[in-house]
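One file, data_14.txt, is given below (compact mmCIF, C-alpha atoms).
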# COMPACT_ATOMS: atom_id res chain seq x y z
CA MET A 1 127.70 286.63 189.60
CA THR A 2 128.27 285.48 186.05
CA TYR A 3 130.72 282.94 184.82
CA SER A 4 132.65 283.80 181.69
CA LEU A 5 134.02 281.06 179.49
CA ASP A 6 137.75 281.09 178.94
CA PHE A 7 139.45 279.06 176.24
CA GLY A 8 142.84 280.74 176.61
CA TRP A 9 144.40 277.52 177.96
CA LEU A 10 143.59 275.68 174.75
CA ALA A 11 146.68 276.81 172.83
CA GLY A 12 149.01 275.10 175.29
CA ALA A 13 146.86 271.99 175.55
CA THR A 14 146.59 270.79 171.97
CA GLY A 15 149.59 268.49 172.38
CA ALA A 16 148.08 266.73 175.38
CA ILE A 17 144.69 266.41 173.68
CA ALA A 18 146.29 265.01 170.52
CA ARG A 19 148.32 262.49 172.54
CA GLY A 20 145.21 261.41 174.41
CA ALA A 21 143.23 261.07 171.20
CA ALA A 22 146.04 258.97 169.69
CA THR A 23 145.90 256.59 172.67
CA THR A 24 142.12 256.34 172.36
CA ILE A 25 142.52 255.50 168.67
CA LEU A 26 145.17 252.90 169.48
CA LEU A 27 142.89 251.31 172.09
CA ILE A 28 139.94 251.06 169.75
CA ALA A 29 142.08 249.81 166.85
CA VAL A 30 143.46 246.94 168.94
CA THR A 31 140.02 246.22 170.40
CA THR A 32 138.39 246.17 166.96
CA LEU A 33 140.87 243.64 165.58
CA ALA A 34 141.08 241.41 168.66
CA GLY A 35 137.35 241.71 169.42
CA THR A 36 136.26 240.85 165.89
CA LEU A 37 138.61 237.88 165.76
CA LEU A 38 137.44 236.64 169.16
CA SER A 39 133.80 237.04 168.22
CA ILE A 40 134.26 235.07 164.97
CA LEU A 41 135.87 232.26 166.97
CA GLY A 42 133.19 232.53 169.65
CA ALA A 43 130.30 232.52 167.20
CA ALA A 44 131.75 229.56 165.30
CA GLY A 45 132.42 227.72 168.57
CA ARG A 46 128.90 228.40 169.79
CA ARG A 47 127.50 226.78 166.65
CA ASN A 48 129.85 223.88 165.98
CA GLY A 49 131.88 223.35 169.15
CA PRO A 50 131.49 220.69 171.85
CA LEU A 51 128.60 221.13 174.28
CA LEU A 52 130.81 222.33 177.13
CA LEU A 53 132.34 225.07 174.95
CA LYS A 54 128.89 226.16 173.79
CA ARG A 55 127.75 226.49 177.42
CA ALA A 56 130.90 228.36 178.42
CA ILE A 57 130.49 230.87 175.60
CA GLY A 58 126.83 231.32 176.53
CA VAL A 59 127.71 232.08 180.16
CA TYR A 60 130.49 234.47 179.13
CA VAL A 61 128.15 236.40 176.84
CA GLU A 62 125.43 236.72 179.50
CA VAL A 63 127.82 237.72 182.30
CA ILE A 64 129.48 240.46 180.24
CA ARG A 65 126.23 241.77 178.78
CA ASN A 66 124.57 242.07 182.17
CA THR A 67 127.32 243.82 184.12
CA PRO A 68 128.74 247.35 183.65
CA PHE A 69 131.96 247.80 181.72
CA LEU A 70 133.41 249.85 184.59
CA VAL A 71 132.99 246.92 187.00
CA GLN A 72 134.56 244.52 184.48
CA LEU A 73 137.48 246.90 184.14
CA PHE A 74 137.96 247.18 187.93
CA PHE A 75 137.66 243.42 188.30
CA ILE A 76 140.38 242.84 185.70
CA PHE A 77 142.71 245.62 186.86
CA PHE A 78 142.26 245.45 190.66
CA GLY A 79 140.80 241.98 191.14
CA LEU A 80 142.99 239.74 189.01
CA PRO A 81 146.30 240.68 190.72
CA SER A 82 145.01 239.02 193.89
CA ILE A 83 145.00 235.69 192.04
CA GLY A 84 148.41 236.43 190.56
CA VAL A 85 147.54 238.01 187.19
CA ARG A 86 149.07 241.49 187.13
CA LEU A 87 148.49 243.63 184.04
CA ASP A 88 149.66 247.12 183.27
CA PRO A 89 146.86 249.66 182.77
CA VAL A 90 146.99 249.73 178.98
CA LEU A 91 146.94 245.93 178.71
CA ALA A 92 144.13 245.68 181.26
CA ALA A 93 142.14 248.27 179.31
CA MET A 94 142.68 246.45 176.02
CA LEU A 95 141.72 243.13 177.59
CA ALA A 96 138.57 244.54 179.22
CA MET A 97 137.51 246.34 176.04
CA THR A 98 138.11 243.27 173.88
CA LEU A 99 136.23 240.95 176.22
CA ASN A 100 133.37 243.46 176.51
CA MET A 101 133.05 244.07 172.79
CA ALA A 102 133.30 240.38 171.87
CA ALA A 103 130.33 239.52 174.12
CA TYR A 104 128.16 241.81 172.00
CA THR A 105 129.70 240.98 168.63
CA ILE A 106 129.52 237.20 169.17
CA GLU A 107 125.74 237.54 168.94
CA ILE A 108 126.03 239.85 165.93
CA VAL A 109 128.44 237.57 164.05
CA GLY A 110 126.30 234.58 164.99
CA ALA A 111 123.24 236.21 163.46
CA GLY A 112 125.28 236.83 160.31
CA LEU A 113 126.39 233.19 160.14
CA ASP A 114 122.77 232.08 160.49
CA ALA A 115 121.77 234.41 157.66
CA VAL A 116 123.99 232.65 155.10
CA PRO A 117 121.83 230.06 153.30
CA PRO A 118 122.91 226.43 153.95
CA GLY A 119 123.07 225.91 150.18
CA GLN A 120 126.26 227.97 150.17
CA THR A 121 128.00 225.50 152.49
CA GLU A 122 126.65 222.51 150.58
CA ALA A 123 127.78 223.94 147.24
CA ALA A 124 131.25 224.63 148.60
CA MET A 125 131.51 221.12 150.07
CA ALA A 126 130.42 219.71 146.72
CA LEU A 127 133.29 221.57 145.10
CA GLY A 128 135.64 219.68 147.40
CA LEU A 129 136.63 222.46 149.80
CA ARG A 130 137.61 221.46 153.30
CA PRO A 131 135.28 222.59 156.14
CA ARG A 132 137.73 225.26 157.30
CA GLN A 133 138.05 226.62 153.76
CA VAL A 134 134.27 226.66 153.44
CA PHE A 135 133.98 228.71 156.62
CA ILE A 136 136.76 231.20 155.87
CA LYS A 137 136.26 231.64 152.15
CA ILE A 138 132.54 231.17 151.61
CA VAL A 139 130.42 231.60 154.76
CA LEU A 140 132.35 234.22 156.73
CA PRO A 141 132.66 236.90 154.01
CA GLN A 142 128.93 236.70 153.31
CA ALA A 143 128.10 236.81 157.02
CA LEU A 144 130.36 239.81 157.63
CA LYS A 145 128.70 241.67 154.77
CA VAL A 146 125.27 241.20 156.33
CA ILE A 147 126.29 242.27 159.83
CA TYR A 148 128.72 245.02 158.91
CA PRO A 149 126.46 247.95 159.90
CA ALA A 150 125.76 246.40 163.33
CA LEU A 151 129.47 245.70 163.80
CA THR A 152 130.30 249.31 162.92
CA SER A 153 127.84 250.65 165.50
CA GLN A 154 129.27 248.35 168.16
CA ILE A 155 132.82 249.54 167.46
CA VAL A 156 131.74 253.19 167.77
CA ILE A 157 129.90 252.42 171.04
CA MET A 158 133.06 250.73 172.35
CA MET A 159 135.15 253.78 171.40
CA LEU A 160 132.81 255.97 173.45
CA GLU A 161 132.89 253.54 176.38
CA SER A 162 136.68 253.62 176.35
CA ALA A 163 136.44 257.00 178.14
CA VAL A 164 136.02 254.90 181.30
CA VAL A 165 139.51 253.42 181.16
CA SER A 166 140.84 256.80 182.34
CA GLN A 167 139.78 255.49 185.75
CA ILE A 168 142.67 253.02 185.82
CA ALA A 169 145.11 255.74 184.70
CA VAL A 170 145.40 254.87 181.03
CA ARG A 171 146.55 258.12 179.48
CA GLU A 172 143.82 258.41 176.86
CA LEU A 173 141.62 261.34 175.94
CA THR A 174 139.52 261.51 179.12
CA TYR A 175 142.58 261.08 181.33
CA GLU A 176 144.28 264.01 179.59
CA ALA A 177 141.09 266.03 180.10
CA ASP A 178 141.14 265.23 183.82
CA MET A 179 144.77 266.35 184.03
CA LEU A 180 144.11 269.54 182.05
CA GLN A 181 141.14 270.60 184.13
CA ALA A 182 143.08 269.96 187.32
CA ARG A 183 145.78 272.31 186.05
CA THR A 184 143.66 275.03 184.44
CA PHE A 185 140.61 274.96 186.77
CA ARG A 186 138.53 275.30 183.60
CA ALA A 187 136.61 272.08 184.00
CA PHE A 188 133.59 272.87 181.85
CA GLU A 189 135.60 274.27 178.95
CA THR A 190 138.05 271.34 179.06
CA TYR A 191 135.34 268.68 179.00
CA PHE A 192 133.45 270.64 176.36
CA VAL A 193 136.46 270.65 174.04
CA VAL A 194 137.17 266.97 174.69
CA THR A 195 133.52 266.08 174.09
CA VAL A 196 133.76 267.77 170.70
CA VAL A 197 136.94 265.77 169.99
CA TYR A 198 135.06 262.56 170.85
CA LEU A 199 132.22 263.61 168.56
CA ILE A 200 134.67 264.15 165.69
CA LEU A 201 136.35 260.82 166.45
CA SER A 202 133.06 258.93 166.42
CA ILE A 203 131.91 260.53 163.16
CA GLY A 204 135.33 259.96 161.60
CA LEU A 205 135.51 256.35 162.83
CA ARG A 206 132.08 255.60 161.39
CA ARG A 207 133.03 257.11 158.00
CA LEU A 208 136.33 255.24 157.98
CA LEU A 209 134.72 251.91 158.82
CA ILE A 210 132.03 252.28 156.17
CA GLY A 211 134.59 253.31 153.53
CA GLY A 212 137.00 250.52 154.54
CA GLY A 213 134.18 248.00 154.63
CA ARG A 214 133.13 248.86 151.08
CA ARG A 215 136.67 248.26 149.89
CA LEU A 216 137.12 245.05 151.87
CA LEU A 217 133.75 243.38 151.48
CA GLY A 218 132.61 244.85 148.19
CA ALA A 219 129.75 247.11 147.24
CA GLY A 220 126.50 247.11 149.11
CA VAL A 221 128.06 247.65 152.53
CA SER A 222 126.44 250.57 154.29
CA MET B 1 141.49 249.22 211.33
CA ILE B 2 137.95 247.94 211.01
CA GLU B 3 137.40 244.28 210.27
CA PHE B 4 134.88 243.54 207.54
CA THR B 5 133.28 240.13 207.39
CA PHE B 6 131.83 238.82 204.14
CA TRP B 7 128.35 239.71 205.38
CA ASP B 8 129.39 243.27 206.25
CA ILE B 9 130.66 243.72 202.70
CA LEU B 10 127.52 242.22 201.18
CA ARG B 11 125.18 244.24 203.40
CA ASN B 12 126.90 247.52 202.59
CA LEU B 13 126.87 246.73 198.89
CA LEU B 14 123.18 245.86 198.96
CA LEU B 15 122.39 249.08 200.84
CA ALA B 16 124.26 251.01 198.15
CA ALA B 17 122.46 249.07 195.43
CA ARG B 18 119.23 250.80 196.51
CA TRP B 19 120.68 254.03 195.11
CA THR B 20 121.56 252.30 191.86
CA VAL B 21 117.96 251.11 191.55
CA LEU B 22 116.52 254.49 192.48
CA LEU B 23 118.79 256.33 190.05
CA SER B 24 117.92 253.88 187.24
CA LEU B 25 114.21 254.36 187.84
CA ALA B 26 114.45 258.15 188.08
CA ALA B 27 116.52 258.34 184.90
CA PHE B 28 114.19 255.95 183.08
CA VAL B 29 111.07 257.91 184.01
CA GLY B 30 112.75 261.24 183.31
CA GLY B 31 114.20 259.90 180.07
CA ALA B 32 110.77 258.67 178.98
CA VAL B 33 109.21 262.09 179.58
CA VAL B 34 111.96 264.06 177.82
CA GLY B 35 112.20 261.32 175.18
CA MET B 36 108.51 261.83 174.35
CA ILE B 37 109.17 265.52 173.70
CA VAL B 38 112.17 264.68 171.51
CA LEU B 39 110.03 262.12 169.69
CA PHE B 40 107.40 264.78 168.94
CA PHE B 41 110.10 266.93 167.37
CA ARG B 42 111.65 263.96 165.57
CA ILE B 43 108.41 263.01 163.77
CA ALA B 44 107.07 266.58 163.38
CA LYS B 45 105.98 267.92 160.00
CA ASN B 46 108.33 270.88 160.38
CA LYS B 47 111.72 270.17 158.79
CA TRP B 48 113.68 272.23 161.32
CA ALA B 49 112.05 270.49 164.26
CA ARG B 50 113.06 267.14 162.78
CA ARG B 51 116.62 268.36 162.19
CA PHE B 52 116.87 269.67 165.73
CA ALA B 53 115.75 266.30 167.16
CA SER B 54 118.13 264.37 164.87
CA GLY B 55 121.00 266.59 165.98
CA TYR B 56 120.05 266.14 169.63
CA ILE B 57 120.00 262.36 169.25
CA ALA B 58 123.26 262.27 167.25
CA LEU B 59 124.95 264.43 169.89
CA PHE B 60 124.06 262.10 172.76
CA GLN B 61 124.77 258.94 170.80
CA GLY B 62 128.07 260.29 169.45
CA THR B 63 129.73 261.37 172.71
CA PRO B 64 130.70 259.34 175.80
CA LEU B 65 128.18 259.34 178.63
CA LEU B 66 131.05 260.10 181.00
CA MET B 67 131.65 263.42 179.18
CA GLN B 68 127.93 264.22 179.33
CA LEU B 69 127.99 263.64 183.08
CA PHE B 70 131.08 265.83 183.52
CA LEU B 71 129.53 268.64 181.47
CA MET B 72 126.38 268.41 183.57
CA PHE B 73 128.35 268.35 186.82
CA PHE B 74 130.60 271.30 185.95
CA GLY B 75 128.24 273.16 183.61
CA LEU B 76 125.11 273.55 185.71
CA PRO B 77 126.80 275.51 188.51
CA MET B 78 127.65 278.13 185.87
CA LEU B 79 123.94 278.69 185.40
CA GLY B 80 123.79 279.47 189.10
CA LEU B 81 122.28 276.13 190.11
CA ARG B 82 123.60 274.47 193.22
CA ILE B 83 124.54 271.08 191.96
CA GLU B 84 125.16 267.87 193.81
CA PRO B 85 126.25 264.53 192.39
CA TRP B 86 122.69 263.21 192.67
CA THR B 87 121.23 266.07 190.57
CA ALA B 88 123.99 265.86 187.98
CA ALA B 89 123.59 262.07 187.79
CA VAL B 90 119.80 262.15 187.37
CA LEU B 91 119.86 264.99 184.83
CA GLY B 92 122.79 263.52 182.87
CA LEU B 93 121.24 260.07 182.64
CA THR B 94 117.80 261.57 181.87
CA PHE B 95 119.08 263.40 178.78
CA PHE B 96 121.15 260.38 177.78
CA ALA B 97 118.11 258.10 178.07
CA SER B 98 115.81 260.56 176.29
CA ALA B 99 117.96 260.48 173.14
CA TYR B 100 118.05 256.69 173.01
CA LEU B 101 114.37 256.20 173.87
CA ALA B 102 113.26 258.80 171.30
CA GLU B 103 115.26 256.99 168.62
CA ILE B 104 113.85 253.58 169.62
CA TRP B 105 110.26 254.85 169.56
CA ARG B 106 110.87 256.71 166.31
CA GLY B 107 111.73 253.33 164.80
CA GLY B 108 108.34 252.09 166.01
CA VAL B 109 106.50 255.05 164.50
CA ASP B 110 108.32 254.58 161.19
CA ALA B 111 107.49 250.89 161.13
CA LEU B 112 103.74 251.56 161.11
CA PRO B 113 102.08 251.47 157.70
CA ARG B 114 101.17 254.83 156.19
CA GLY B 115 97.54 253.67 156.15
CA GLN B 116 97.34 254.05 159.93
CA TRP B 117 97.79 257.81 159.59
CA ASP B 118 95.38 257.99 156.67
CA ALA B 119 92.76 255.96 158.51
CA GLY B 120 93.06 258.29 161.49
CA ALA B 121 92.69 261.33 159.27
CA SER B 122 89.67 259.85 157.50
CA LEU B 123 88.01 259.40 160.89
CA GLY B 124 88.35 263.13 161.38
CA LEU B 125 91.04 262.97 164.06
CA HIS B 126 93.48 265.84 164.18
CA TYR B 127 97.26 265.33 164.43
CA LEU B 128 97.55 265.06 168.21
CA GLN B 129 94.55 262.74 168.46
CA GLU B 130 96.02 260.53 165.75
CA LEU B 131 99.27 260.32 167.68
CA ARG B 132 97.61 259.68 171.01
CA LEU B 133 94.95 257.21 169.91
CA ILE B 134 96.45 255.38 166.96
CA ILE B 135 100.15 255.87 166.32
CA LEU B 136 101.85 255.98 169.72
CA PRO B 137 100.06 253.00 171.32
CA GLN B 138 101.11 250.82 168.40
CA ALA B 139 104.61 252.27 168.25
CA PHE B 140 105.13 251.62 171.99
CA SER B 141 103.73 248.13 171.69
CA ILE B 142 106.13 247.05 168.94
CA THR B 143 109.16 248.66 170.59
CA ARG B 144 108.62 247.12 174.02
CA ALA B 145 111.57 244.71 173.66
CA PRO B 146 114.21 247.33 172.73
CA THR B 147 112.82 249.65 175.43
CA VAL B 148 113.37 247.00 178.11
CA GLY B 149 116.76 246.29 176.53
CA PHE B 150 117.66 249.94 176.92
CA LEU B 151 116.62 249.86 180.58
CA VAL B 152 119.32 247.22 181.08
CA GLN B 153 121.85 249.50 179.39
CA LEU B 154 120.70 252.36 181.61
CA ILE B 155 121.13 250.34 184.81
CA LYS B 156 124.68 249.47 183.74
CA SER B 157 125.32 253.12 182.84
CA THR B 158 124.55 254.26 186.39
CA ALA B 159 127.97 252.81 187.29
CA LEU B 160 129.55 255.84 185.61
CA THR B 161 127.94 258.24 188.09
CA SER B 162 130.39 256.89 190.68
CA ILE B 163 133.05 258.89 188.82
CA ILE B 164 131.28 262.22 189.43
CA GLY B 165 130.93 261.27 193.08
CA PHE B 166 127.44 259.81 193.40
CA GLU B 167 127.34 257.22 196.17
CA GLU B 168 125.92 254.24 194.33
CA LEU B 169 127.02 250.63 194.14
CA VAL B 170 130.37 251.11 192.40
CA ARG B 171 131.51 254.09 194.51
CA THR B 172 130.65 252.24 197.68
CA SER B 173 132.53 249.20 196.43
CA ASN B 174 135.61 251.37 195.80
CA ALA B 175 135.44 252.57 199.40
CA ILE B 176 134.98 249.05 200.74
CA ASN B 177 137.83 247.82 198.58
CA ASN B 178 140.09 250.53 199.96
CA ALA B 179 139.26 249.36 203.50
CA THR B 180 139.44 245.61 202.94
CA PHE B 181 141.98 245.15 200.12
CA GLU B 182 139.88 242.35 198.70
CA PRO B 183 139.16 243.60 195.18
CA PHE B 184 138.50 240.14 193.77
CA LYS B 185 135.70 239.51 196.24
CA VAL B 186 134.30 243.06 196.29
CA TYR B 187 134.15 243.66 192.54
CA GLY B 188 133.01 240.09 191.98
CA LEU B 189 130.07 240.74 194.32
CA VAL B 190 129.30 244.05 192.61
CA ALA B 191 129.24 242.30 189.25
CA LEU B 192 126.95 239.66 190.73
CA ILE B 193 124.53 242.29 192.10
CA PHE B 194 124.38 244.04 188.73
CA PHE B 195 123.85 240.67 187.06
CA VAL B 196 120.95 239.84 189.36
CA MET B 197 119.33 243.19 188.49
CA CYS B 198 119.93 243.03 184.75
CA PHE B 199 119.62 239.38 183.79
CA PRO B 200 115.86 239.00 184.46
CA LEU B 201 115.23 242.14 182.39
CA THR B 202 117.41 240.78 179.58
CA GLN B 203 115.44 237.55 179.63
CA TYR B 204 112.17 239.51 179.66
CA ALA B 205 113.31 241.56 176.65
CA ARG B 206 114.23 238.34 174.89
CA SER B 207 110.82 236.78 175.53
CA LEU B 208 109.12 239.95 174.29
CA GLU B 209 111.23 239.75 171.16
CA GLN B 210 110.30 236.13 170.53
CA ARG B 211 106.63 236.87 171.12
CA ALA B 212 106.83 239.75 168.64
CA ALA B 213 108.60 237.54 166.10
CA ALA B 214 105.98 234.80 166.47
CA ARG B 215 103.12 237.19 165.80

Could you show the structure in this file as C-alpha cells?
Amino acid sequence: MTYSLDFGWLAGATGAIARGAATTILLIAVTTLAGTLLSILGAAGRRNGPLLLKRAIGVYVEVIRNTPFLVQLFFIFFGLPSIGVRLDPVLAAMLAMTLNMAAYTIEIVGAGLDAVPPGQTEAAMALGLRPRQVFIKIVLPQALKVIYPALTSQIVIMMLESAVVSQIAVRELTYEADMLQARTFRAFETYFVVTVVYLILSIGLRRLLIGGGRRLLGAGVS
Amino acid sequence: MIEFTFWDILRNLLLAARWTVLLSLAAFVGGAVVGMIVLFFRIAKNKWARRFASGYIALFQGTPLLMQLFLMFFGLPMLGLRIEPWTAAVLGLTFFASAYLAEIWRGGVDALPRGQWDAGASLGLHYLQELRLIILPQAFSITRAPTVGFLVQLIKSTALTSIIGFEELVRTSNAINNATFEPFKVYGLVALIFFVMCFPLTQYARSLEQRAAAR
C-alpha cells in the first residue's frame, strides 16, 4: 500500500490560504506595534517607576515567561468571560499575543536602556531637555538600535506562535489549513503547503524588519 | 452530571502533569541525541554538511511547531508507520529540540578560541578526539544556561501536543473544563502547575548565567 501525494486541491484553495495569511500578518502587525509600545512603557516603569509598579511588572514578566502561550490564550478567551470580560476571538488573540510578546521584550528593551551610557542622559539634561524629552529623543533611539536584532527575532517567534490562535477559531493561516484538510482529506499536503507559507512569511518578515529598521534607526542595524 | 470538587480538579490535573513531565524529558533527551548529530554536521569541515545542518536548523526555527507536529502526525502514517499522538508528540518535539540545541551548542563551539583546536592538534589528537576531549566539554560548559533556558521553552511547548490529541496537562484541562464550566479556575490552575515546573528552572538558568558572567 503506497500513498501518493495529491496537490490537485491547491488551485481552489489559494484564496483561503491568502486570506489566512493576511489575518496572520494583521495579527503580528498589531502585536508588534502594541507589544513594542507596552514593553517600552514596562521597561521604563521597571527602572524609574514606584516600587509597587516595579514589583507588578516583575511578577507579570515571570508569570508570562513561565507558562505556555496556549494556556494564556485559553485563560483570556475562556477564563475571563466568567469574571465578566468577554472578548471576540480576534481581540482575545491580539491581547494574548501582545501580553506574551511584551513579557519577553520588556527584558530586551530594558537591556537596551541599560546599555546607553549615563553620560548621554547627563548631557541631554545639561542642554535643558525635560526628562521625558531625554528619554524619547536621546535614550530610547540608542537603546532600540542596540536591541533591534533581538527584537526582530522575538517578533518572528511571535508570528510562528500565532499558529496557536487557530484554537480559539481566529480565521488565520492555521485555521484555514484545518478547514481545508477537513474538506479535502489531504491533511499532509495541506499542512505541508501551509508550513511553506509560514516559512516564506518568517523569512519575508525578517527581511522587512531589518530593511525597515535600517531606514528608521539609521545604518548599523542588522 | 458528575460533581467535581476543587480537589478532584487538582488531582486530575496533577495526574495529567506526569505526562507533560515525561514528554518534556523524552523530547529533551531525544533532542540532545539528535542535536549532537546535527551539531557534528554544523561544525564539520565539509561545506555541504554545514549547509545541510544550517538548512535543517533554519527550517525548524522558521516554521511553527504546531505545523511540525501536524506534519509528523499526518506524515508518518504515509511511511507505513502506525502513529499515535504519543509517538508524533515525542518525535515532533525531538526534532524541534534538536535544531535549537544544535544551534545553542554551535554558539559554544564558535566561542572557543582557535588555539583550543590547535593545542589539541599539536598534542596529536585526531578530529574526533579533539571534539570529545577538548572542544565539546568546554562548549557544553559555557552553554549550560541557554540549554536550561531551552528546557523551559520545551516544557511550555509540550502544551501544543494537546492539539494533536496527546493527553497531557492542557488536553486534560480542556476535558475538565467541558465538564465543570469553570475555565477561570481550571486554566488558572494549569498555568500555576506550568509555573511551578518552569520557574525553578528559569531561576537556575539565571544563576548559571550570573555565575558565567562573574567568571

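By chain and then residue number, the residues within 10 Å of B:Ala26 are B:Thr20, B:Val21, B:Leu22, B:Leu23, B:Ser24, B:Phe28, B:Val29, B:Gly30, B:Gly31, B:Ala32, B:Ala89, B:Val90, B:Leu91, B:Leu93, B:Thr94, counting all atoms listed in the file and disregarding those fewer than 2 positions away in sequence.
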
**Request:** Using all atoms listed in the file, find the one residue out of A:Gln72, A:Asn48, A:Asn66, A:Thr24 that sits nearest to A:Arg132.
**Result:** A:Asn48

**Asked** Which one of A:Tyr175, A:Phe69, A:Trp9, A:Phe74 sits closest to B:Leu160 if you count only C-alpha atoms?
**Response** A:Phe69

**Message:** With distances taken over all atoms listed in the file, which residue among B:Asn12, B:Thr87, B:Gln210, B:Gln61 lies nearest chain A?
**Reply:** B:Gln61

**Asked** Residues of chain B within 8 Å of chain A, using all atoms listed in the file, as number ranges by chain?
**Response** B: 59, 62-68, 70-71, 74-75, 78, 152, 156-157, 159-160, 170, 182-185, 187-188, 190-192, 194-195, 198-199, 202

**Message:** Can you tell me which residues surround stretch 128-142 of chain B at a distance of at most 6 Å, considering only C-alpha atoms, apart from same-chain residues fewer than 2 positions away, and format the answer as JSON, numbers by chain?
**Reply:** {"B": [108, 109, 120, 125, 126, 144]}

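The gap separating atom CA of B:Lys45 from atom CA of B:Leu123 is 19.9 Å, in Å to one decimal.
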
**Asked** Quick one, how far is atom CA of B:Pro146 from atom CA of B:Tyr100?
**Response** 10.1 Å

**Prompt:** Do you have the atom CA of A:Ala102-atom CA of A:Ala29 distance handy?
**Reply:** 13.8 Å

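Nearest residue to A:Val139, choosing from A:Leu208, A:Ala96, A:Ala44, A:Val59 and counting all atoms listed in the file: A:Ala44.
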
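The list of residues with at least one atom within 9 Å of B:Phe40, based on only C-alpha atoms and without residues fewer than 5 positions apart in the same chain, reads Gly35, Ala49, Arg50, Ala53 and Ala102 of chain B.
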
Written file, previous selection with C-alpha atoms, as a PDB file, keeping the file's coordinate frame:
ATOM      1  CA  GLY B  35     112.200 261.320 175.180  1.00  0.00           C
ATOM      2  CA  ALA B  49     112.050 270.490 164.260  1.00  0.00           C
ATOM      3  CA  ARG B  50     113.060 267.140 162.780  1.00  0.00           C
ATOM      4  CA  ALA B  53     115.750 266.300 167.160  1.00  0.00           C
ATOM      5  CA  ALA B 102     113.260 258.800 171.300  1.00  0.00           C
TER       6      ALA B 102
END

**Prompt:** Could you name the residues that touch B:Glu167 at 12 Å or less, counting only C-alpha atoms, but leaving out those on the same chain fewer than 4 positions away, as a PyMOL selection string?
**Reply:** chain B and resi 12-13+15-20+22-23+84-86+89+158-163+171-175

**Message:** Distance cut-off 10 Å, centre (132.8, 232.3, 173.3) in file coordinates, counting all atoms listed in the file: which residues qualify? Return them as a VMD selection string.
**Reply:** chain A and resid 38 to 46 49 53 to 61 99 102 to 103 106 to 107

What would the file look like if the residues just selected were written as an mmCIF file, in the frame of the given file with C-alpha atoms?
data_model
loop_
_atom_site.group_PDB
_atom_site.id
_atom_site.type_symbol
_atom_site.label_atom_id
_atom_site.label_comp_id
_atom_site.auth_asym_id
_atom_site.auth_seq_id
_atom_site.Cartn_x
_atom_site.Cartn_y
_atom_site.Cartn_z
ATOM 1 C CA LEU A 38 137.440 236.640 169.160
ATOM 2 C CA SER A 39 133.800 237.040 168.220
ATOM 3 C CA ILE A 40 134.260 235.070 164.970
ATOM 4 C CA LEU A 41 135.870 232.260 166.970
ATOM 5 C CA GLY A 42 133.190 232.530 169.650
ATOM 6 C CA ALA A 43 130.300 232.520 167.200
ATOM 7 C CA ALA A 44 131.750 229.560 165.300
ATOM 8 C CA GLY A 45 132.420 227.720 168.570
ATOM 9 C CA ARG A 46 128.900 228.400 169.790
ATOM 10 C CA GLY A 49 131.880 223.350 169.150
ATOM 11 C CA LEU A 53 132.340 225.070 174.950
ATOM 12 C CA LYS A 54 128.890 226.160 173.790
ATOM 13 C CA ARG A 55 127.750 226.490 177.420
ATOM 14 C CA ALA A 56 130.900 228.360 178.420
ATOM 15 C CA ILE A 57 130.490 230.870 175.600
ATOM 16 C CA GLY A 58 126.830 231.320 176.530
ATOM 17 C CA VAL A 59 127.710 232.080 180.160
ATOM 18 C CA TYR A 60 130.490 234.470 179.130
ATOM 19 C CA VAL A 61 128.150 236.400 176.840
ATOM 20 C CA LEU A 99 136.230 240.950 176.220
ATOM 21 C CA ALA A 102 133.300 240.380 171.870
ATOM 22 C CA ALA A 103 130.330 239.520 174.120
ATOM 23 C CA ILE A 106 129.520 237.200 169.170
ATOM 24 C CA GLU A 107 125.740 237.540 168.940
#

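Shortest atom-to-atom contact with B:Leu151 among B:Leu169, B:Leu25, B:Ala99, B:Ile83: B:Leu25, counting only C-alpha atoms.
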
Find the smallest box with edges along x, y and z containing every listed atom of stretch 184-197 of chain A, then add 6 Å on each side and report centre and edge lengths in Å to one decimal, as JSON.
{"center_x": 138.6, "center_y": 270.5, "center_z": 178.4, "size_x": 22.2, "size_y": 21.5, "size_z": 28.8}

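Closest approach to B:Ile43 among B:Gly107, B:Pro77, B:Gly149, B:Gly115: B:Gly107, based on all atoms listed in the file.
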
**Message:** Using only C-alpha atoms, which protein or nucleic acid residues come within 12 Å of B:Thr5? Drop anything in the same chain fewer than 2 positions from it, and give the result as a PyMOL selection string.
**Reply:** chain B and resi 2-3+7-12+176+179-180+182+185-186

Generate the output file for the selected residues, C-alpha atoms, as a PDB file, in the coordinates of the input.
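Contents of result_13.pdb, freshly written:
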ATOM      1  CA  ILE B   2     137.950 247.940 211.010  1.00  0.00           C
ATOM      2  CA  GLU B   3     137.400 244.280 210.270  1.00  0.00           C
ATOM      3  CA  TRP B   7     128.350 239.710 205.380  1.00  0.00           C
ATOM      4  CA  ASP B   8     129.390 243.270 206.250  1.00  0.00           C
ATOM      5  CA  ILE B   9     130.660 243.720 202.700  1.00  0.00           C
ATOM      6  CA  LEU B  10     127.520 242.220 201.180  1.00  0.00           C
ATOM      7  CA  ARG B  11     125.180 244.240 203.400  1.00  0.00           C
ATOM      8  CA  ASN B  12     126.900 247.520 202.590  1.00  0.00           C
ATOM      9  CA  ILE B 176     134.980 249.050 200.740  1.00  0.00           C
ATOM     10  CA  ALA B 179     139.260 249.360 203.500  1.00  0.00           C
ATOM     11  CA  THR B 180     139.440 245.610 202.940  1.00  0.00           C
ATOM     12  CA  GLU B 182     139.880 242.350 198.700  1.00  0.00           C
ATOM     13  CA  LYS B 185     135.700 239.510 196.240  1.00  0.00           C
ATOM     14  CA  VAL B 186     134.300 243.060 196.290  1.00  0.00           C
TER      15      VAL B 186
END
